[in-house]
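Trainee: File target_2.cif below, mmCIF, C-alpha atoms and all ligand atoms:
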```cif
data_start
#
loop_
_atom_site.label_atom_id
_atom_site.label_comp_id
_atom_site.auth_asym_id
_atom_site.auth_seq_id
_atom_site.Cartn_x
_atom_site.Cartn_y
_atom_site.Cartn_z
CA MET T 1340 -12.32 -12.46 2.28
CA ASN T 1341 -11.21 -11.14 5.67
CA ASP T 1342 -9.98 -7.58 6.13
CA VAL T 1343 -6.43 -8.95 6.12
CA THR T 1344 -5.32 -11.97 4.09
CA ILE T 1345 -1.77 -13.25 4.49
CA LEU T 1346 -0.47 -15.40 1.64
CA ASP T 1347 1.15 -18.07 3.76
CA ASP T 1348 1.15 -20.88 1.19
CA PRO T 1349 4.50 -22.37 0.14
CA VAL T 1350 4.28 -21.20 -3.46
CA ALA T 1351 4.01 -17.57 -2.39
CA GLY T 1352 6.65 -18.37 0.22
CA VAL T 1353 9.19 -19.21 -2.48
CA GLN T 1354 8.65 -15.80 -4.13
CA LEU T 1355 8.88 -13.99 -0.82
CA ALA T 1356 12.07 -15.78 0.22
CA ALA T 1357 13.70 -14.84 -3.08
CA LEU T 1358 12.63 -11.20 -2.68
CA ARG T 1359 14.04 -11.10 0.85
CA ASP T 1360 17.36 -12.75 -0.10
CA GLU T 1361 20.04 -10.04 -0.27
CA ARG T 1362 21.77 -11.95 -3.09
CA THR T 1363 18.79 -11.65 -5.45
CA THR T 1364 19.71 -9.44 -8.43
CA PRO T 1365 17.30 -6.81 -9.81
CA GLU T 1366 16.59 -9.11 -12.78
CA HIS T 1367 15.44 -11.93 -10.52
CA PHE T 1368 13.83 -9.55 -8.05
CA ARG T 1369 11.56 -8.27 -10.87
CA HIS T 1370 10.68 -11.83 -11.81
CA HIS T 1371 9.64 -12.82 -8.29
CA ALA T 1372 7.83 -9.53 -7.67
CA ARG T 1373 5.80 -10.14 -10.80
CA ARG T 1374 4.91 -13.69 -9.73
CA LEU T 1375 3.90 -12.58 -6.27
CA GLY T 1376 1.89 -9.75 -7.84
CA SER T 1377 -0.17 -12.38 -9.70
CA MET T 1378 -0.78 -14.37 -6.53
CA LEU T 1379 -1.80 -11.30 -4.54
CA ALA T 1380 -4.16 -10.20 -7.31
CA LEU T 1381 -5.83 -13.60 -7.62
CA ARG T 1382 -6.51 -13.68 -3.88
CA ALA T 1383 -7.75 -10.08 -3.92
CA VAL T 1384 -10.47 -10.75 -6.50
CA GLU T 1385 -11.73 -13.97 -4.92
CA ASP T 1386 -15.05 -12.27 -4.05
CA LEU T 1387 -15.30 -10.12 -7.16
CA PRO T 1388 -18.89 -10.15 -8.46
CA SER T 1389 -19.02 -12.10 -11.70
CA GLU T 1390 -20.91 -11.58 -14.92
CA ASP T 1391 -22.47 -14.69 -16.39
CA SER T 1392 -22.59 -15.39 -20.09
CA THR T 1393 -22.67 -18.33 -22.48
CA VAL T 1394 -19.94 -19.59 -24.77
CA ARG T 1395 -20.50 -21.84 -27.77
CA THR T 1396 -18.20 -24.88 -27.78
CA PRO T 1397 -17.93 -27.22 -30.82
CA LEU T 1398 -20.54 -29.41 -29.05
CA GLY T 1399 -22.99 -26.96 -27.53
CA ASP T 1400 -23.48 -24.04 -25.19
CA ALA T 1401 -21.48 -23.82 -21.97
CA PRO T 1402 -21.91 -21.36 -19.12
CA ALA T 1403 -19.13 -18.81 -18.78
CA THR T 1404 -18.28 -16.14 -16.25
CA GLY T 1405 -16.03 -13.10 -16.17
CA PRO T 1406 -15.39 -10.05 -14.02
CA GLY T 1407 -18.59 -8.20 -13.14
CA ARG T 1408 -16.81 -4.97 -12.21
CA THR T 1409 -14.20 -2.74 -13.77
CA ILE T 1410 -10.86 -3.53 -12.13
CA VAL T 1411 -8.31 -0.75 -11.77
CA ALA T 1412 -4.74 -1.40 -10.62
CA VAL T 1413 -3.04 1.61 -9.06
CA PRO T 1414 0.68 1.23 -8.42
CA VAL T 1415 2.11 3.63 -5.88
CA LEU T 1416 5.22 4.93 -7.65
CA ARG T 1417 7.77 3.69 -7.94
CA ALA T 1418 7.91 0.40 -6.04
CA GLY T 1419 4.31 -0.56 -6.92
CA LEU T 1420 5.31 -0.90 -10.58
CA GLY T 1421 7.03 -4.15 -9.62
CA LEU T 1422 3.66 -5.83 -9.01
CA LEU T 1423 1.82 -4.41 -12.04
CA GLY T 1424 3.00 -6.93 -14.64
CA GLY T 1425 1.88 -9.81 -12.44
CA VAL T 1426 -1.52 -8.23 -11.89
CA HIS T 1427 -1.96 -7.90 -15.66
CA ASP T 1428 -0.86 -11.51 -16.19
CA VAL T 1429 -3.99 -12.67 -14.35
CA LEU T 1430 -6.29 -9.67 -14.90
CA PRO T 1431 -5.40 -8.51 -18.41
CA SER T 1432 -8.36 -6.14 -18.70
CA ALA T 1433 -7.44 -4.17 -15.57
CA LEU T 1434 -7.21 -0.44 -16.21
CA VAL T 1435 -4.31 1.42 -14.63
CA GLY T 1436 -4.06 4.55 -12.51
CA MET T 1437 -0.89 5.96 -10.96
CA ILE T 1438 -0.17 7.65 -7.67
CA GLY T 1439 3.17 9.30 -6.97
CA LEU T 1440 4.02 9.60 -3.30
CA GLU T 1441 7.33 10.73 -1.91
CA ARG T 1442 8.45 10.19 1.66
CA ASP T 1443 10.04 13.26 3.29
CA ALA T 1444 13.40 12.01 4.65
CA GLU T 1445 13.00 13.96 7.90
CA THR T 1446 9.31 14.01 8.74
CA PHE T 1447 8.55 10.63 7.05
CA GLN T 1448 5.29 12.20 5.82
CA ALA T 1449 4.08 11.12 2.36
CA ARG T 1450 3.68 13.93 -0.18
CA ARG T 1451 1.44 13.23 -3.20
CA TYR T 1452 3.11 14.61 -6.33
CA TYR T 1453 1.14 12.73 -9.02
CA PHE T 1454 -2.40 11.39 -9.30
CA LYS T 1455 -3.96 10.12 -12.52
CA VAL T 1456 -6.69 7.48 -12.49
CA PRO T 1457 -9.45 6.32 -14.84
CA PRO T 1458 -13.09 6.81 -13.70
CA LEU T 1459 -13.45 4.80 -10.48
CA GLU T 1460 -17.21 4.97 -9.86
CA GLY T 1461 -18.24 1.41 -8.91
CA ALA T 1462 -14.79 -0.04 -9.69
CA TRP T 1463 -12.70 -2.53 -7.75
CA VAL T 1464 -9.37 -0.87 -7.14
CA LEU T 1465 -6.16 -2.73 -6.34
CA VAL T 1466 -3.58 -0.45 -4.73
CA LEU T 1467 -0.08 -1.80 -5.34
CA GLU T 1468 2.09 -0.76 -2.40
CA PRO T 1469 4.73 -3.44 -1.76
CA MET T 1470 5.92 -2.23 1.68
CA LEU T 1471 3.40 -1.29 4.39
CA ALA T 1472 5.88 0.16 6.88
CA THR T 1473 3.97 2.87 8.74
CA GLY T 1474 1.03 2.47 6.37
CA GLY T 1475 1.06 6.24 5.74
CA SER T 1476 1.44 6.17 1.95
CA ALA T 1477 -1.00 3.33 1.43
CA SER T 1478 -3.58 5.00 3.63
CA ASP T 1479 -3.18 8.28 1.78
CA ALA T 1480 -3.60 6.45 -1.53
CA VAL T 1481 -6.72 4.62 -0.35
CA LYS T 1482 -8.34 7.86 0.83
CA ALA T 1483 -7.73 9.52 -2.53
CA LEU T 1484 -9.17 6.52 -4.42
CA ASP T 1485 -12.18 6.20 -2.11
CA ALA T 1486 -12.98 9.83 -2.78
CA GLU T 1487 -13.28 8.99 -6.50
CA GLY T 1488 -16.17 6.57 -5.83
CA ALA T 1489 -14.46 3.16 -5.86
CA GLU T 1490 -16.78 0.34 -4.72
CA GLN T 1491 -13.99 -1.73 -3.14
CA VAL T 1492 -10.38 -0.83 -2.47
CA ILE T 1493 -7.86 -3.61 -1.77
CA VAL T 1494 -4.22 -2.97 -0.90
CA LEU T 1495 -1.77 -5.53 -2.33
CA SER T 1496 1.46 -5.64 -0.43
CA VAL T 1497 4.53 -7.84 -0.06
CA VAL T 1498 5.70 -7.15 3.51
CA GLY T 1499 4.17 -5.02 6.23
CA THR T 1500 4.16 -4.41 9.94
CA GLU T 1501 1.22 -4.87 12.26
CA GLN T 1502 1.09 -1.11 12.82
CA GLY T 1503 1.19 -0.37 9.09
CA VAL T 1504 -1.64 -2.75 8.30
CA GLN T 1505 -3.72 -1.55 11.25
CA ARG T 1506 -3.30 2.08 10.21
CA VAL T 1507 -4.59 1.37 6.72
CA LEU T 1508 -7.59 -0.54 8.13
CA ASN T 1509 -8.39 1.94 10.92
CA GLU T 1510 -8.25 5.00 8.71
CA ASN T 1511 -10.23 3.43 5.85
CA PRO T 1512 -13.31 1.43 6.86
CA GLY T 1513 -14.16 -1.20 4.26
CA VAL T 1514 -10.66 -1.46 2.83
CA LYS T 1515 -8.98 -4.89 2.59
CA VAL T 1516 -5.32 -5.87 2.62
CA VAL T 1517 -3.74 -8.87 0.90
CA ILE T 1518 -0.12 -9.28 1.93
CA GLY T 1519 2.80 -11.71 1.78
CA ALA T 1520 4.02 -11.40 5.37
CA ILE T 1521 3.82 -9.30 8.51
CA ASP T 1522 7.25 -8.58 10.05
CA PRO T 1523 8.02 -7.62 13.64
CA GLU T 1524 9.34 -4.06 13.56
CA LEU T 1525 10.58 -0.85 11.95
CA ASP T 1526 14.10 0.55 12.32
CA ASP T 1527 14.86 4.23 13.00
CA ASP T 1528 14.66 5.01 9.27
CA ARG T 1529 11.22 3.36 9.11
CA TYR T 1530 12.47 0.37 7.17
CA ILE T 1531 10.83 -2.97 7.92
CA VAL T 1532 13.02 -5.44 9.83
CA PRO T 1533 13.88 -8.01 8.62
CA GLY T 1534 11.83 -6.97 5.55
CA LEU T 1535 13.71 -7.02 2.27
CA GLY T 1536 15.39 -3.60 2.13
CA ASP T 1537 14.28 -0.82 -0.19
CA PHE T 1538 11.86 -2.42 -2.65
CA GLY T 1539 12.26 0.29 -5.32
CA ASP T 1540 16.05 0.21 -5.15
CA ARG T 1541 16.15 -3.56 -5.40
CA LEU T 1542 13.61 -3.61 -8.24
CA PHE T 1543 15.39 -1.04 -10.36
CA GLY T 1544 18.99 -1.54 -9.23
CA THR T 1545 19.43 1.98 -7.86
CA PRO T 1546 22.03 2.22 -5.10
CA HIS T 1547 20.65 2.78 -1.63
N1 LIG Q 1 9.89 0.99 1.85
C1 LIG Q 1 10.76 0.02 1.47
O1 LIG Q 1 11.10 -0.07 0.30
N2 LIG Q 1 11.23 -0.83 2.40
C2 LIG Q 1 10.89 -0.77 3.70
O2 LIG Q 1 11.35 -1.59 4.50
C3 LIG Q 1 9.98 0.26 4.08
C4 LIG Q 1 9.50 1.12 3.14
#
```
Kindly return the structure encoded in the file as structure tokens.
Mentor:
Amino acid sequence: MNDVTILDDPVAGVQLAALRDERTTPEHFRHHARRLGSMLALRAVEDLPSEDSTVRTPLGDAPATGPGRTIVAVPVLRAGLGLLGGVHDVLPSALVGMIGLERDAETFQARRYYFKVPPLEGAWVLVLEPMLATGGSASDAVKALDAEGAEQVIVLSVVGTEQGVQRVLNENPGVKVVIGAIDPELDDDRYIVPGLGDFGDRLFGTPH
């Protein structure tokens, strides 16, 4: 897998279009976020080392494979929770950590107010950060997870900007990003344009 993988297939495109559509209700937004979460996760673990085993069928032994590493999904609160169900749909054994980051409205700096993760030594960690605007929160999350000994950290995102993605990659050698789309720009409030608006607000129905 390359450092950056963009899900540009039409099936992911349907989910992304629905998430972008301003008419999509929180109920349907959650549905499409979950579906896209599954697609991002499947692409992220394409190169996951596997563990071989054998399974007995009614007619004989068949080779079988499964994940060869512990997988840990880490949603960045609160928006990242929208992708977690979809990750578990395809990777049911994934453990879960949580990172709480809050963006200061004036400085735009991310402040970490919560961090709880299972042991990460040797694990493959999927950081769920739907919007890579400046890349600041995702990069902060990756640094914290790297410090815990993760073998591979992959950021799963829905929409980003070139600058956001580049910041995550430049500040964290070895990290990978799997994303739905890269949009052209940020507005003065650091929202992605055209983007999809505030992911957390749209997911949970909170007014913006
Ligand atoms: N966070 C969001 O929810 N949306 C953006 O466009 C940028 C950051």
Trainee: T:Ala1472, T:Ala1449, T:Ile1493, T:Leu1465: which is nearest Gly1536 in chain T, counting all atoms listed in the file?
Mentor: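 Comparing T:Ala1472, T:Ala1449, T:Ile1493, T:Leu1465 against Gly1536 in chain T, the winner is T:Ala1472.
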Trainee: Can you list, as JSON, numbers by chain, every protein, DNA or RNA residue that comes within 7 Å of range 1420-1435 of chain T when you count all atoms listed in the file, leaving out same-chain residues fewer than 3 positions away?
Mentor: {"T": [1369, 1372, 1373, 1374, 1376, 1377, 1380, 1410, 1411, 1412, 1413, 1414, 1416, 1417, 1456, 1467, 1542]}
Trainee: Would you mind exporting C-alpha atoms of the selected residues as a PDB file, keeping the file's coordinate frame?
Mentor:
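Generated file (part-v3.pdb):
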```
ATOM      1  CA  ARG T1369      11.560  -8.270 -10.870  1.00  0.00           C
ATOM      2  CA  ALA T1372       7.830  -9.530  -7.670  1.00  0.00           C
ATOM      3  CA  ARG T1373       5.800 -10.140 -10.800  1.00  0.00           C
ATOM      4  CA  ARG T1374       4.910 -13.690  -9.730  1.00  0.00           C
ATOM      5  CA  GLY T1376       1.890  -9.750  -7.840  1.00  0.00           C
ATOM      6  CA  SER T1377      -0.170 -12.380  -9.700  1.00  0.00           C
ATOM      7  CA  ALA T1380      -4.160 -10.200  -7.310  1.00  0.00           C
ATOM      8  CA  ILE T1410     -10.860  -3.530 -12.130  1.00  0.00           C
ATOM      9  CA  VAL T1411      -8.310  -0.750 -11.770  1.00  0.00           C
ATOM     10  CA  ALA T1412      -4.740  -1.400 -10.620  1.00  0.00           C
ATOM     11  CA  VAL T1413      -3.040   1.610  -9.060  1.00  0.00           C
ATOM     12  CA  PRO T1414       0.680   1.230  -8.420  1.00  0.00           C
ATOM     13  CA  LEU T1416       5.220   4.930  -7.650  1.00  0.00           C
ATOM     14  CA  ARG T1417       7.770   3.690  -7.940  1.00  0.00           C
ATOM     15  CA  VAL T1456      -6.690   7.480 -12.490  1.00  0.00           C
ATOM     16  CA  LEU T1467      -0.080  -1.800  -5.340  1.00  0.00           C
ATOM     17  CA  LEU T1542      13.610  -3.610  -8.240  1.00  0.00           C
TER      18      LEU T1542
END
```
Trainee: List all protein, DNA and RNA residues that have at least one atom no more than 7 Å from any atom of ligand LIG 1 (chain Q), counting all atoms listed in the file, and write them as a compact mmCIF listing (two decimals) with C-alpha atoms, keeping the file's coordinate frame.
Mentor:
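The new file result_38.txt reads:
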```txt
# COMPACT_ATOMS: atom_id res chain seq x y z
CA MET T 1470 5.92 -2.23 1.68
CA LEU T 1471 3.40 -1.29 4.39
CA ALA T 1472 5.88 0.16 6.88
CA ARG T 1529 11.22 3.36 9.11
CA TYR T 1530 12.47 0.37 7.17
CA ILE T 1531 10.83 -2.97 7.92
CA VAL T 1532 13.02 -5.44 9.83
CA GLY T 1534 11.83 -6.97 5.55
CA LEU T 1535 13.71 -7.02 2.27
CA GLY T 1536 15.39 -3.60 2.13
CA ASP T 1537 14.28 -0.82 -0.19
CA PHE T 1538 11.86 -2.42 -2.65
CA GLY T 1539 12.26 0.29 -5.32
```
Trainee: Would you pick out the contacts of range 1342-1349 of chain T at 10 Å or less, using all atoms listed in the file, so that residues sharing its chain but fewer than 6 positions from it are not included, and give the list as a list in words?
Mentor: Leu1355, Leu1375, Met1378, Leu1379, Arg1382, Ala1383, Ile1493, Val1494, Leu1495, Ser1496, Val1497, Val1498, Val1504, Gln1505, Leu1508, Pro1512, Gly1513, Val1514, Lys1515, Val1516, Val1517, Ile1518, Gly1519, Ala1520 and Ile1521 of chain T
Trainee: Might you pull out every residue within 10 Å of Glu1441 in chain T, with only C-alpha atoms counted and same-chain residues fewer than 2 positions away left off, and present them as a PDB file with C-alpha atoms, in the frame of the given file?
Mentor:
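The resulting file, selection04.pdb, is shown below:
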```
ATOM      1  CA  VAL T1415       2.110   3.630  -5.880  1.00  0.00           C
ATOM      2  CA  LEU T1416       5.220   4.930  -7.650  1.00  0.00           C
ATOM      3  CA  ARG T1417       7.770   3.690  -7.940  1.00  0.00           C
ATOM      4  CA  ILE T1438      -0.170   7.650  -7.670  1.00  0.00           C
ATOM      5  CA  GLY T1439       3.170   9.300  -6.970  1.00  0.00           C
ATOM      6  CA  ASP T1443      10.040  13.260   3.290  1.00  0.00           C
ATOM      7  CA  ALA T1444      13.400  12.010   4.650  1.00  0.00           C
ATOM      8  CA  PHE T1447       8.550  10.630   7.050  1.00  0.00           C
ATOM      9  CA  GLN T1448       5.290  12.200   5.820  1.00  0.00           C
ATOM     10  CA  ALA T1449       4.080  11.120   2.360  1.00  0.00           C
ATOM     11  CA  ARG T1450       3.680  13.930  -0.180  1.00  0.00           C
ATOM     12  CA  ARG T1451       1.440  13.230  -3.200  1.00  0.00           C
ATOM     13  CA  TYR T1452       3.110  14.610  -6.330  1.00  0.00           C
ATOM     14  CA  TYR T1453       1.140  12.730  -9.020  1.00  0.00           C
ATOM     15  CA  SER T1476       1.440   6.170   1.950  1.00  0.00           C
TER      16      SER T1476
END
```
Trainee: Give as a list in words the set of residues within 7 Å of the point (11.4, -8.7, 14.7), where distances use the file's coordinates and all atoms listed in the file.
Mentor: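 It turns out the residues near that spot are Asp1522, Pro1523, Glu1524, Val1532 and Pro1533 of chain T.
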